file model.csv (CSV, C-alpha atoms)
chain,number,residue,atom,x,y,z
A,1,MET,CA,-10.9,-79.0,-58.3
A,2,SER,CA,-10.4,-80.7,-54.9
A,3,ASN,CA,-12.6,-79.9,-51.9
A,4,ALA,CA,-9.6,-78.3,-50.1
A,5,THR,CA,-8.7,-76.2,-53.1
A,6,TYR,CA,-12.4,-75.1,-53.4
A,7,GLU,CA,-12.5,-74.2,-49.7
A,8,GLN,CA,-9.3,-72.1,-50.0
A,9,THR,CA,-10.5,-70.3,-53.1
A,10,SER,CA,-13.9,-69.6,-51.5
A,11,ILE,CA,-12.4,-68.3,-48.3
A,12,SER,CA,-9.8,-66.2,-50.2
A,13,LYS,CA,-12.6,-64.5,-52.2
A,14,SER,CA,-14.7,-64.0,-49.1
A,15,ILE,CA,-11.8,-62.3,-47.3
A,16,ALA,CA,-11.2,-60.0,-50.2
A,17,GLN,CA,-14.8,-59.1,-50.5
A,18,SER,CA,-14.9,-58.3,-46.8
A,19,ALA,CA,-11.7,-56.3,-46.8
A,20,ILE,CA,-11.7,-54.2,-50.0
A,21,PRO,CA,-14.7,-52.0,-49.2
A,22,ARG,CA,-13.1,-51.1,-45.8
A,23,PHE,CA,-10.3,-49.3,-47.7
A,24,ILE,CA,-12.7,-46.4,-48.2
A,25,PHE,CA,-10.7,-44.6,-45.5
A,26,GLY,CA,-7.9,-44.4,-48.1
A,27,PRO,CA,-9.5,-42.1,-50.7
A,28,VAL,CA,-11.5,-40.3,-48.1
A,29,GLY,CA,-8.4,-39.5,-46.1
A,30,LEU,CA,-6.5,-38.4,-49.1
A,31,LEU,CA,-9.4,-36.1,-50.1
A,32,ALA,CA,-9.4,-34.5,-46.7
A,33,ILE,CA,-5.6,-34.0,-46.8
A,34,LEU,CA,-5.8,-32.4,-50.2
A,35,CYS,CA,-8.7,-30.1,-49.1
A,36,LEU,CA,-6.6,-29.0,-46.1
A,37,ALA,CA,-3.6,-28.4,-48.3
A,38,LEU,CA,-5.6,-26.4,-50.9
A,39,ALA,CA,-7.9,-24.7,-48.5
A,40,TRP,CA,-10.8,-26.1,-50.6
A,41,PRO,CA,-13.6,-25.1,-51.1
A,42,MET,CA,-12.8,-22.1,-49.0
A,43,ASP,CA,-10.5,-21.0,-46.2
A,44,TYR,CA,-13.0,-21.3,-43.4
A,45,TRP,CA,-12.2,-22.5,-39.9
A,46,GLY,CA,-15.2,-24.8,-39.7
A,47,LEU,CA,-14.3,-26.6,-42.8
A,48,LYS,CA,-10.7,-26.9,-41.6
A,49,VAL,CA,-11.8,-28.5,-38.4
A,50,LEU,CA,-14.0,-30.9,-40.4
A,51,TRP,CA,-11.3,-31.9,-42.8
A,52,THR,CA,-8.7,-32.2,-40.0
A,53,LEU,CA,-10.9,-34.6,-38.0
A,54,THR,CA,-11.7,-36.6,-41.1
A,55,ALA,CA,-8.1,-36.9,-42.1
A,56,ALA,CA,-7.1,-37.8,-38.6
A,57,TYR,CA,-9.6,-40.5,-38.3
A,58,CYS,CA,-8.7,-42.0,-41.7
A,59,LEU,CA,-5.0,-41.9,-40.6
A,60,PHE,CA,-6.1,-43.7,-37.4
A,61,CYS,CA,-7.7,-46.4,-39.7
A,62,TRP,CA,-4.3,-46.7,-41.3
A,63,THR,CA,-3.0,-48.1,-38.0
A,64,SER,CA,-5.7,-50.8,-38.0
A,65,CYS,CA,-4.9,-51.6,-41.6
A,66,PHE,CA,-1.2,-51.8,-40.6
A,67,HIS,CA,-2.2,-54.3,-37.9
A,68,GLU,CA,-4.0,-56.5,-40.4
A,69,ALA,CA,-1.0,-56.3,-42.7
A,70,ALA,CA,1.2,-57.6,-39.8
A,71,HIS,CA,-1.1,-60.6,-39.5
A,72,HIS,CA,-0.9,-61.2,-43.3
A,73,THR,CA,-4.7,-61.1,-43.5
A,74,LEU,CA,-5.3,-58.2,-45.9
A,75,CYS,CA,-7.4,-59.7,-48.8
A,76,GLY,CA,-6.0,-63.2,-48.0
A,77,SER,CA,-2.6,-62.4,-49.6
A,78,LYS,CA,0.7,-62.4,-47.7
A,79,GLN,CA,2.5,-60.4,-50.3
A,80,PHE,CA,-0.2,-57.8,-50.6
A,81,SER,CA,-0.1,-57.4,-46.8
A,82,ILE,CA,3.7,-56.9,-46.8
A,83,VAL,CA,3.6,-54.3,-49.5
A,84,VAL,CA,0.8,-52.3,-47.8
A,85,GLY,CA,2.5,-52.8,-44.4
A,86,ARG,CA,5.8,-51.4,-45.6
A,87,PHE,CA,4.1,-48.4,-47.1
A,88,LEU,CA,2.1,-47.6,-44.0
A,89,GLY,CA,5.1,-48.3,-41.7
A,90,THR,CA,7.1,-45.8,-43.7
A,91,MET,CA,4.4,-43.2,-43.2
A,92,ILE,CA,4.2,-43.7,-39.4
A,93,PHE,CA,7.9,-44.2,-38.7
A,94,VAL,CA,7.5,-47.8,-37.7
A,95,PRO,CA,9.3,-50.5,-39.8
A,96,PHE,CA,6.8,-53.2,-40.8
A,97,HIS,CA,8.8,-56.1,-39.6
A,98,VAL,CA,9.7,-54.6,-36.2
A,99,TYR,CA,6.0,-54.0,-35.7
A,100,ARG,CA,5.1,-57.6,-36.8
A,101,GLU,CA,7.8,-59.2,-34.5
A,102,SER,CA,6.7,-57.1,-31.6
A,103,HIS,CA,3.0,-57.9,-32.3
A,104,ILE,CA,3.7,-61.6,-32.5
A,105,ARG,CA,5.1,-61.5,-28.9
A,106,HIS,CA,2.2,-59.3,-27.8
A,107,HIS,CA,-0.2,-62.1,-28.8
A,108,ALA,CA,2.0,-64.9,-27.3
A,109,TYR,CA,2.8,-63.2,-24.0
A,110,LEU,CA,-0.2,-60.9,-23.4
A,111,ASN,CA,0.2,-58.7,-20.3
A,112,LYS,CA,3.5,-60.4,-19.3
A,113,SER,CA,6.9,-58.8,-19.0
A,114,SER,CA,7.9,-60.3,-22.4
A,115,ASP,CA,5.0,-58.4,-24.0
A,116,TRP,CA,7.3,-55.8,-25.6
A,117,GLU,CA,4.4,-54.0,-27.3
A,118,LEU,CA,2.8,-53.1,-23.9
A,119,TRP,CA,6.0,-51.7,-22.4
A,120,PRO,CA,6.3,-50.1,-19.9
A,121,TYR,CA,2.9,-51.2,-18.6
A,122,SER,CA,3.7,-54.9,-18.8
A,123,ASP,CA,7.2,-54.6,-17.2
A,124,PRO,CA,7.1,-55.3,-13.4
A,125,LYS,CA,10.5,-53.6,-13.1
A,126,THR,CA,9.0,-50.2,-14.0
A,127,SER,CA,7.8,-47.9,-11.2
A,128,LEU,CA,4.3,-46.7,-10.9
A,129,TRP,CA,5.4,-43.1,-11.3
A,130,PHE,CA,7.3,-43.9,-14.5
A,131,ARG,CA,4.3,-45.6,-15.9
A,132,ARG,CA,2.1,-42.6,-15.0
A,133,ILE,CA,4.4,-40.1,-16.6
A,134,PHE,CA,4.9,-42.2,-19.7
A,135,CYS,CA,1.2,-42.8,-20.0
A,136,TRP,CA,0.3,-39.2,-20.0
A,137,LEU,CA,3.1,-38.4,-22.4
A,138,GLU,CA,1.8,-41.1,-24.8
A,139,ILE,CA,-1.7,-39.5,-25.1
A,140,PRO,CA,-0.6,-36.2,-26.8
A,141,PHE,CA,2.7,-37.6,-28.2
A,142,GLY,CA,1.8,-41.1,-29.4
A,143,VAL,CA,3.1,-40.2,-32.8
A,144,ILE,CA,6.6,-40.1,-31.1
A,145,THR,CA,6.3,-42.7,-28.3
A,146,SER,CA,4.9,-45.5,-30.4
A,147,PRO,CA,7.9,-45.7,-32.8
A,148,CYS,CA,10.1,-45.6,-29.7
A,149,VAL,CA,8.3,-48.5,-28.0
A,150,TYR,CA,8.4,-50.7,-31.1
A,151,GLY,CA,12.0,-49.7,-31.8
A,152,ARG,CA,13.0,-51.1,-28.4
A,153,LEU,CA,12.7,-54.6,-29.9
A,154,TYR,CA,15.4,-53.9,-32.4
A,155,PHE,CA,17.7,-51.6,-30.5
A,156,HIS,CA,17.5,-52.8,-26.9
A,157,LYS,CA,20.5,-54.8,-25.7
A,158,ASP,CA,18.3,-57.5,-24.2
A,159,SER,CA,16.1,-57.9,-27.3
A,160,PRO,CA,14.9,-61.5,-28.0
A,161,LEU,CA,15.0,-60.6,-31.7
A,162,THR,CA,18.2,-62.4,-32.8
A,163,ASN,CA,17.2,-63.8,-36.2
A,164,PRO,CA,19.7,-62.1,-38.6
A,165,GLU,CA,17.4,-62.2,-41.6
A,166,ILE,CA,14.6,-60.4,-39.7
A,167,ARG,CA,17.1,-57.9,-38.3
A,168,LYS,CA,18.4,-57.2,-41.8
A,169,LYS,CA,14.8,-56.5,-43.0
A,170,ILE,CA,14.2,-54.2,-40.2
A,171,ARG,CA,17.5,-52.3,-40.8
A,172,ASN,CA,16.6,-51.8,-44.4
A,173,GLU,CA,13.1,-50.6,-43.5
A,174,TYR,CA,14.6,-48.1,-41.1
A,175,ILE,CA,16.9,-46.9,-43.9
A,176,ALA,CA,13.9,-46.5,-46.2
A,177,ILE,CA,12.1,-44.5,-43.6
A,178,VAL,CA,15.0,-42.1,-43.1
A,179,VAL,CA,15.6,-41.7,-46.9
A,180,PHE,CA,11.9,-41.1,-47.6
A,181,TRP,CA,11.4,-38.5,-44.9
A,182,THR,CA,14.6,-36.8,-45.5
A,183,ALA,CA,13.6,-36.3,-49.1
A,184,ALA,CA,10.0,-35.2,-48.1
A,185,ILE,CA,11.3,-32.6,-45.6
A,186,ALA,CA,13.8,-31.4,-48.2
A,187,VAL,CA,11.0,-30.8,-50.7
A,188,VAL,CA,8.9,-29.0,-48.1
A,189,ALA,CA,11.9,-26.8,-47.2
A,190,TYR,CA,12.8,-26.1,-50.9
A,191,THR,CA,9.2,-25.1,-51.7
A,192,ASN,CA,8.7,-23.3,-48.4
A,193,THR,CA,5.4,-25.1,-47.7
A,194,TRP,CA,5.9,-25.6,-44.0
A,195,MET,CA,2.4,-24.3,-43.1
A,196,ILE,CA,0.7,-26.5,-45.6
A,197,PHE,CA,2.7,-29.5,-44.3
A,198,LEU,CA,1.8,-28.7,-40.8
A,199,THR,CA,-1.9,-28.2,-41.5
A,200,ALA,CA,-2.4,-31.0,-43.9
A,201,TRP,CA,-0.2,-33.7,-42.4
A,202,VAL,CA,1.4,-33.0,-39.0
A,203,VAL,CA,-1.7,-32.0,-37.1
A,204,PRO,CA,-3.9,-34.8,-38.4
A,205,HIS,CA,-1.1,-37.2,-37.8
A,206,ILE,CA,-0.8,-36.1,-34.1
A,207,LEU,CA,-4.6,-36.4,-33.7
A,208,ALA,CA,-4.4,-39.9,-35.2
A,209,GLY,CA,-1.7,-40.8,-32.7
A,210,ILE,CA,-4.0,-39.7,-29.9
A,211,PHE,CA,-6.8,-41.9,-31.2
A,212,GLN,CA,-4.5,-44.9,-31.6
A,213,THR,CA,-3.1,-44.4,-28.0
A,214,PHE,CA,-6.6,-44.4,-26.6
A,215,ARG,CA,-7.5,-47.5,-28.6
A,216,LYS,CA,-4.4,-49.3,-27.1
A,217,PHE,CA,-5.2,-48.2,-23.6
A,218,THR,CA,-8.9,-49.1,-23.9
A,219,GLU,CA,-8.1,-52.6,-25.1
A,220,HIS,CA,-5.4,-53.3,-22.5
A,221,LEU,CA,-4.7,-50.9,-19.7
A,222,GLY,CA,-5.7,-52.2,-16.3
A,223,MET,CA,-6.3,-55.8,-17.5
A,224,GLN,CA,-4.8,-58.5,-15.1
A,225,SER,CA,-5.5,-61.8,-16.8
A,226,TYR,CA,-3.1,-63.5,-19.2
A,227,ASP,CA,-6.0,-65.2,-20.9
A,228,PRO,CA,-6.7,-63.6,-24.2
A,229,LEU,CA,-10.5,-63.3,-23.6
A,230,LEU,CA,-10.3,-62.0,-20.1
A,231,GLY,CA,-7.1,-60.0,-20.5
A,232,THR,CA,-8.5,-57.6,-23.1
A,233,ARG,CA,-11.6,-55.4,-23.5
A,234,THR,CA,-13.8,-56.3,-26.4
A,235,VAL,CA,-16.3,-53.9,-28.0
A,236,ILE,CA,-19.3,-55.4,-29.8
A,237,GLY,CA,-22.3,-53.0,-30.3
A,238,ASN,CA,-25.3,-52.6,-32.5
A,239,GLY,CA,-25.3,-48.8,-32.7
A,240,PRO,CA,-24.6,-47.3,-36.1
A,241,ILE,CA,-21.5,-45.4,-35.0
A,242,THR,CA,-19.9,-48.4,-33.2
A,243,ARG,CA,-20.6,-50.7,-36.1
A,244,LEU,CA,-19.2,-48.2,-38.7
A,245,ALA,CA,-16.1,-47.6,-36.6
A,246,THR,CA,-15.6,-51.4,-36.1
A,247,TYR,CA,-16.0,-52.0,-39.8
A,248,LEU,CA,-13.6,-49.3,-40.9
A,249,ASN,CA,-11.0,-50.7,-38.5
A,250,PHE,CA,-11.2,-54.3,-39.6
A,251,ASP,CA,-13.0,-55.5,-36.5
A,252,ILE,CA,-10.0,-54.9,-34.3
A,253,PHE,CA,-12.3,-53.7,-31.5
A,254,VAL,CA,-13.5,-57.3,-31.2
A,255,HIS,CA,-10.2,-57.8,-29.4
A,256,GLY,CA,-10.5,-60.8,-27.1
A,257,PRO,CA,-11.3,-63.4,-29.8
A,258,HIS,CA,-8.6,-61.8,-32.0
A,259,HIS,CA,-6.1,-62.2,-29.3
A,260,ARG,CA,-6.9,-65.9,-28.8
A,261,HIS,CA,-7.0,-66.6,-32.5
A,262,PRO,CA,-4.5,-64.3,-34.2
A,263,ARG,CA,-5.0,-65.9,-37.6
A,264,TYR,CA,-8.8,-65.8,-37.5
A,265,ARG,CA,-10.7,-63.8,-40.1
A,266,HIS,CA,-11.6,-60.4,-38.8
A,267,ASP,CA,-15.2,-60.6,-40.2
A,268,ALA,CA,-15.9,-63.8,-38.2
A,269,LEU,CA,-14.7,-62.5,-34.8
A,270,CYS,CA,-18.1,-61.4,-33.5
A,271,ASN,CA,-19.6,-64.8,-34.1
A,272,ARG,CA,-16.6,-66.4,-32.4
A,273,MET,CA,-17.1,-64.2,-29.3
A,274,ALA,CA,-20.8,-65.2,-29.2
A,275,GLU,CA,-19.7,-68.9,-29.3
A,276,TYR,CA,-17.4,-68.4,-26.3
A,277,GLN,CA,-20.2,-66.6,-24.3
A,278,THR,CA,-22.6,-69.5,-25.1
A,279,GLU,CA,-20.0,-72.1,-24.2
A,280,ASN,CA,-18.9,-70.4,-20.9
A,281,PRO,CA,-22.0,-68.7,-19.4
A,282,GLU,CA,-20.4,-68.6,-16.0
A,283,LEU,CA,-17.6,-66.3,-17.1
A,284,LYS,CA,-18.0,-62.6,-17.2
A,285,TYR,CA,-16.1,-61.5,-20.3
A,286,PRO,CA,-15.1,-57.8,-20.5
A,287,VAL,CA,-17.4,-57.1,-23.5
A,288,PHE,CA,-18.8,-53.7,-23.9
A,289,PRO,CA,-21.7,-52.3,-26.2
A,290,THR,CA,-19.8,-49.1,-27.1
A,291,TYR,CA,-16.3,-47.7,-27.0
A,292,TRP,CA,-17.5,-45.2,-24.5
A,293,HIS,CA,-18.5,-47.9,-22.0
A,294,ALA,CA,-15.0,-49.5,-22.5
A,295,ILE,CA,-13.3,-46.1,-21.9
A,296,ALA,CA,-15.4,-45.7,-18.7
A,297,ASP,CA,-14.0,-49.0,-17.5
A,298,LEU,CA,-10.5,-47.9,-18.4
A,299,LEU,CA,-10.5,-44.5,-16.6
A,300,PRO,CA,-9.6,-45.7,-13.1
A,301,SER,CA,-6.5,-47.5,-14.4
A,302,LEU,CA,-5.6,-44.6,-16.7
A,303,ILE,CA,-5.7,-42.2,-13.7
A,304,PHE,CA,-4.4,-44.2,-10.8
A,305,ASN,CA,-2.4,-47.3,-12.0
A,306,PRO,CA,-1.6,-47.5,-15.7
A,307,GLY,CA,-0.4,-51.1,-16.0
A,308,VAL,CA,-1.3,-54.6,-17.0
A,309,GLY,CA,-0.6,-58.1,-15.6
A,310,MET,CA,1.6,-58.1,-12.5
A,311,ASN,CA,1.6,-54.3,-12.4
A,312,VAL,CA,-2.1,-54.4,-11.6
A,313,GLY,CA,-2.1,-57.4,-9.2
A,314,ALA,CA,-1.8,-60.5,-11.3
A,315,PRO,CA,0.2,-63.5,-10.0
A,316,THR,CA,3.4,-64.5,-11.6
A,317,PRO,CA,2.7,-66.1,-15.0
A,318,ALA,CA,2.7,-69.9,-15.3
A,319,GLU,CA,5.3,-71.6,-17.4
A,320,GLU,CA,4.5,-71.5,-21.1
A,321,LYS,CA,4.0,-74.6,-23.3
A,322,PRO,CA,6.9,-75.3,-25.7
A,323,HIS,CA,6.1,-73.2,-28.8
A,324,ASP,CA,8.0,-71.3,-31.5
A,325,VAL,CA,7.0,-67.7,-31.2
A,326,SER,CA,8.5,-66.7,-34.5
A,327,ASP,CA,5.0,-66.5,-35.9
A,328,PHE,CA,1.3,-66.1,-34.9
A,329,SER,CA,-0.5,-69.0,-33.4
A,330,GLU,CA,-3.8,-70.5,-34.5
A,331,ASP,CA,-5.0,-70.6,-30.9
A,332,VAL,CA,-2.9,-68.9,-28.2
A,333,THR,CA,-4.7,-70.7,-25.3
A,334,ALA,CA,-4.2,-74.1,-26.7
A,335,GLU,CA,-0.7,-73.7,-28.1
A,336,ILE,CA,1.1,-71.4,-25.8
A,337,LEU,CA,-0.5,-70.7,-22.4
A,338,GLY,CA,-0.1,-72.9,-19.4
A,339,LYS,CA,-3.3,-74.1,-17.7
A,340,ASP,CA,-3.0,-71.6,-14.9
A,341,ASP,CA,-3.0,-68.7,-17.3
A,342,ALA,CA,-5.8,-69.9,-19.7
A,343,ILE,CA,-9.4,-70.9,-19.8
A,344,VAL,CA,-9.4,-74.6,-20.5
A,345,SER,CA,-12.4,-75.4,-22.7
A,346,ALA,CA,-13.7,-77.9,-25.2
A,347,ASP,CA,-12.1,-75.6,-27.8
A,348,GLU,CA,-8.6,-76.4,-26.4
A,349,GLU,CA,-9.3,-80.1,-26.1
A,350,LEU,CA,-10.5,-80.2,-29.7
A,351,ALA,CA,-7.3,-78.5,-30.8
A,352,ASN,CA,-5.2,-81.0,-28.9
A,353,GLU,CA,-6.9,-83.9,-30.6
A,354,GLN,CA,-6.3,-82.5,-34.1
A,355,PRO,CA,-3.1,-82.6,-36.2
A,356,ALA,CA,-0.7,-79.8,-35.2
A,357,VAL,CA,-1.3,-76.6,-37.1
A,358,GLU,CA,2.4,-75.7,-36.4
A,359,GLU,CA,3.3,-77.6,-39.5
A,360,LEU,CA,1.8,-74.7,-41.4
A,361,THR,CA,4.6,-72.3,-42.3
A,362,ASP,CA,4.6,-68.5,-42.6
A,363,GLU,CA,5.4,-69.0,-46.2
A,364,GLN,CA,1.8,-70.0,-46.9
A,365,PRO,CA,-0.8,-67.2,-47.6
A,366,ALA,CA,-3.2,-66.4,-44.9
A,367,ASP,CA,-6.1,-67.9,-46.9
A,368,GLU,CA,-4.4,-71.3,-47.1
A,369,ILE,CA,-3.6,-71.2,-43.4
A,370,GLN,CA,-7.1,-70.3,-42.4
A,371,ALA,CA,-8.6,-72.9,-44.9
A,372,ALA,CA,-6.4,-75.6,-43.4
A,373,SER,CA,-7.4,-74.6,-39.9
A,374,GLN,CA,-11.1,-74.7,-41.0
A,375,VAL,CA,-10.8,-78.2,-42.4
A,376,SER,CA,-8.8,-79.6,-39.5
A,377,LYS,CA,-10.9,-78.1,-36.8
A,378,SER,CA,-14.3,-78.2,-38.5
A,379,ARG,CA,-15.3,-74.7,-37.5
A,380,SER,CA,-19.0,-74.5,-38.3
A,381,GLN,CA,-19.1,-70.8,-37.5
A,382,LEU,CA,-16.2,-70.0,-39.9
A,383,ASP,CA,-18.1,-72.0,-42.6
A,384,ILE,CA,-21.1,-69.7,-42.1
A,385,ALA,CA,-19.0,-66.5,-42.1
A,386,SER,CA,-17.3,-67.6,-45.4
A,387,HIS,CA,-20.5,-67.4,-47.4
call {"tool": "encode", "arguments": {"input": "model.csv", "output": "structure tokens"}}
result
Amino acid sequence: MSNATYEQTSISKSIAQSAIPRFIFGPVGLLAILCLALAWPMDYWGLKVLWTLTAAYCLFCWTSCFHEAAHHTLCGSKQFSIVVGRFLGTMIFVPFHVYRESHIRHHAYLNKSSDWELWPYSDPKTSLWFRRIFCWLEIPFGVITSPCVYGRLYFHKDSPLTNPEIRKKIRNEYIAIVVFWTAAIAVVAYTNTWMIFLTAWVVPHILAGIFQTFRKFTEHLGMQSYDPLLGTRTVIGNGPITRLATYLNFDIFVHGPHHRHPRYRHDALCNRMAEYQTENPELKYPVFPTYWHAIADLLPSLIFNPGVGMNVGAPTPAEEKPHDVSDFSEDVTAEILGKDDAIVSADEELANEQPAVEELTDEQPADEIQAASQVSKSRSQLDIASH
């Protein structure tokens, strides 16, 4: 076995070992939904509240799993990620590929007008009052607004999504969603189980949408910078609740490093952030010890000026480097952003000296891509996290 093959196998096993235990939210959430549906072990309001909050948080974790699936990083397998992503997308009314295409542009054009995922907050053409109204509608009705925001990339007349193959996949996923939910509602109507459906699914789903909306706001709202590390809020804490929440959500709270390195392993992101803080001690990164601290930093923007980028005072973005944004980058700062929008560090200089990672195609599994990146860039920290 060659060294490269050994590295790939080792990293693939490490990714799977890291990811699989996090799926505990699946059976726990299913148990909570069943307990709500069956009023088990008794029809008591306190237990209903407990099961509802448990189900809602587990459904919220679904969105983080959906995010990992879009990056093709679930268990190091692209095909597994697609299957899981399509299932979860059907459950939350968002076609997997419309989310993935929107999220690719979110990473490439963070806080810019071409960041479709953060519309309307990233669009300088939207008024302050529109953003305020939309923001406060998103909090209770995120379960409705999120599918609409992602759907814009497919339905809007000015959509940059022109690849006919991708559009066909999205169309078929929309059809699957309509067919599935038409059948599901028909069964509920036929069995006259509307109250069970409302209690066991609709209410937890609405609460999960509220959690997800606050997560999005906390990570992005009010952030000016186009640089991934300065333009997002990152939560890294040692408290048991913060660590558990981070673990169950695939380390998505470690958002800055994830935005700079969209293909990076989720379980190595904390170490990567520590590296950046050591390499750039003069920079004050928006890193918070708990989610409550990050929410406190968010509140002024949430109340007075919900926006990002130019809508909160950033200058016009610099011209991008030539780059194909049909897939996620290894390093957004090095491959996409102009120098005026990015922190130029030794990390970028190293990336420019190495063979281009753009030769790696989306057809390769995530473990192969990350293994190749590890070999070409000699990431000592990633080596440590792989064992």
call {"tool": "atom_distance", "arguments": {"input": "model.csv", "atom1": "atom CA of Asp123 of chain A", "atom2": "atom CA of Leu229 of chain A"}}
result
20.7 Å
call {"tool": "atom_distance", "arguments": {"input": "model.csv", "atom1": "atom CA of Arg233 of chain A", "atom2": "atom CA of Lys125 of chain A"}}
result
24.5 Å
call {"tool": "atom_distance", "arguments": {"input": "model.csv", "atom1": "atom CA of Gly29 of chain A", "atom2": "atom CA of Ala200 of chain A"}}
result
10.6 Å
call {"tool": "residues_near_point", "arguments": {"input": "model.csv", "point": "(-6.2, -52.2, -28.5)", "cutoff": "12 Å", "atoms": "all atoms listed in the file", "output": "ChimeraX atom specification"}}
result
/A:63-64,67,103,106-107,110,117-118,211-221,223,231-235,249,251-256,258-259,291,294-295,298
call {"tool": "residues_around", "arguments": {"input": "model.csv", "residues": "Tyr109 of chain A", "least_positions_apart": "5", "cutoff": "9 Å", "atoms": "all atoms listed in the file", "output": "compact mmCIF listing (two decimals) with C-alpha atoms, in the coordinates of the input"}}
result
# COMPACT_ATOMS: atom_id res chain seq x y z
CA ILE A 104 3.70 -61.60 -32.50
CA SER A 114 7.90 -60.30 -22.40
CA ASP A 115 5.00 -58.40 -24.00
CA TRP A 116 7.30 -55.80 -25.60
CA TYR A 226 -3.10 -63.50 -19.20
CA GLU A 320 4.50 -71.50 -21.10
CA ILE A 336 1.10 -71.40 -25.80
CA LEU A 337 -0.50 -70.70 -22.40
call {"tool": "closest_residue", "arguments": {"input": "model.csv", "among": "A:Asp327, A:Glu68, A:Asp297, A:Glu319", "to": "Tyr264 of chain A", "atoms": "only C-alpha atoms"}}
result
A:Glu68
call {"tool": "residues_around", "arguments": {"input": "model.csv", "residues": "segment 89-93 of chain A", "least_positions_apart": "6", "cutoff": "8 Å", "atoms": "only C-alpha atoms", "output": "ChimeraX atom specification"}}
result
/A:66,143,147,173,176-177,180
call {"tool": "axis_aligned_box", "arguments": {"input": "model.csv", "around": "segment 247-250 of chain A", "padding_each_side": "4 Å", "output": "lines of an AutoDock Vina configuration file"}}
result
center_x = -13.5
center_y = -51.8
center_z = -39.7
size_x = 13.0
size_y = 13.0
size_z = 10.4
call {"tool": "residues_around", "arguments": {"input": "model.csv", "residues": "Tyr154 of chain A", "least_positions_apart": "3", "cutoff": "8 Å", "atoms": "only C-alpha atoms", "output": "NGL selection string"}}
result
:A and (98 or 150-151 or 159 or 161 or 167 or 170)
call {"tool": "residues_around", "arguments": {"input": "model.csv", "residues": "Phe304 of chain A", "least_positions_apart": "6", "cutoff": "12 Å", "atoms": "all atoms listed in the file", "output": "number ranges by chain"}}
result
A: 128-129, 131-133, 135-136, 221-222, 298, 311-312
call {"tool": "closest_residue", "arguments": {"input": "model.csv", "among": "A:Ala19, A:Val308, A:Ala69, A:Val178", "to": "Phe96 of chain A", "atoms": "all atoms listed in the file"}}
result
A:Ala69
call {"tool": "residues_around", "arguments": {"input": "model.csv", "residues": "Glu330 of chain A", "least_positions_apart": "6", "cutoff": "7 Å", "atoms": "only C-alpha atoms", "output": "ChimeraX atom specification"}}
result
/A:261-263
call {"tool": "closest_residue", "arguments": {"input": "model.csv", "among": "A:Gly338, A:Pro204, A:Pro286, A:Gly142", "to": "Ala318 of chain A", "atoms": "all atoms listed in the file"}}
result
A:Gly338
call {"tool": "closest_residue", "arguments": {"input": "model.csv", "among": "A:Ile343, A:Leu47, A:Trp201, A:His266", "to": "His71 of chain A", "atoms": "only C-alpha atoms"}}
result
A:His266
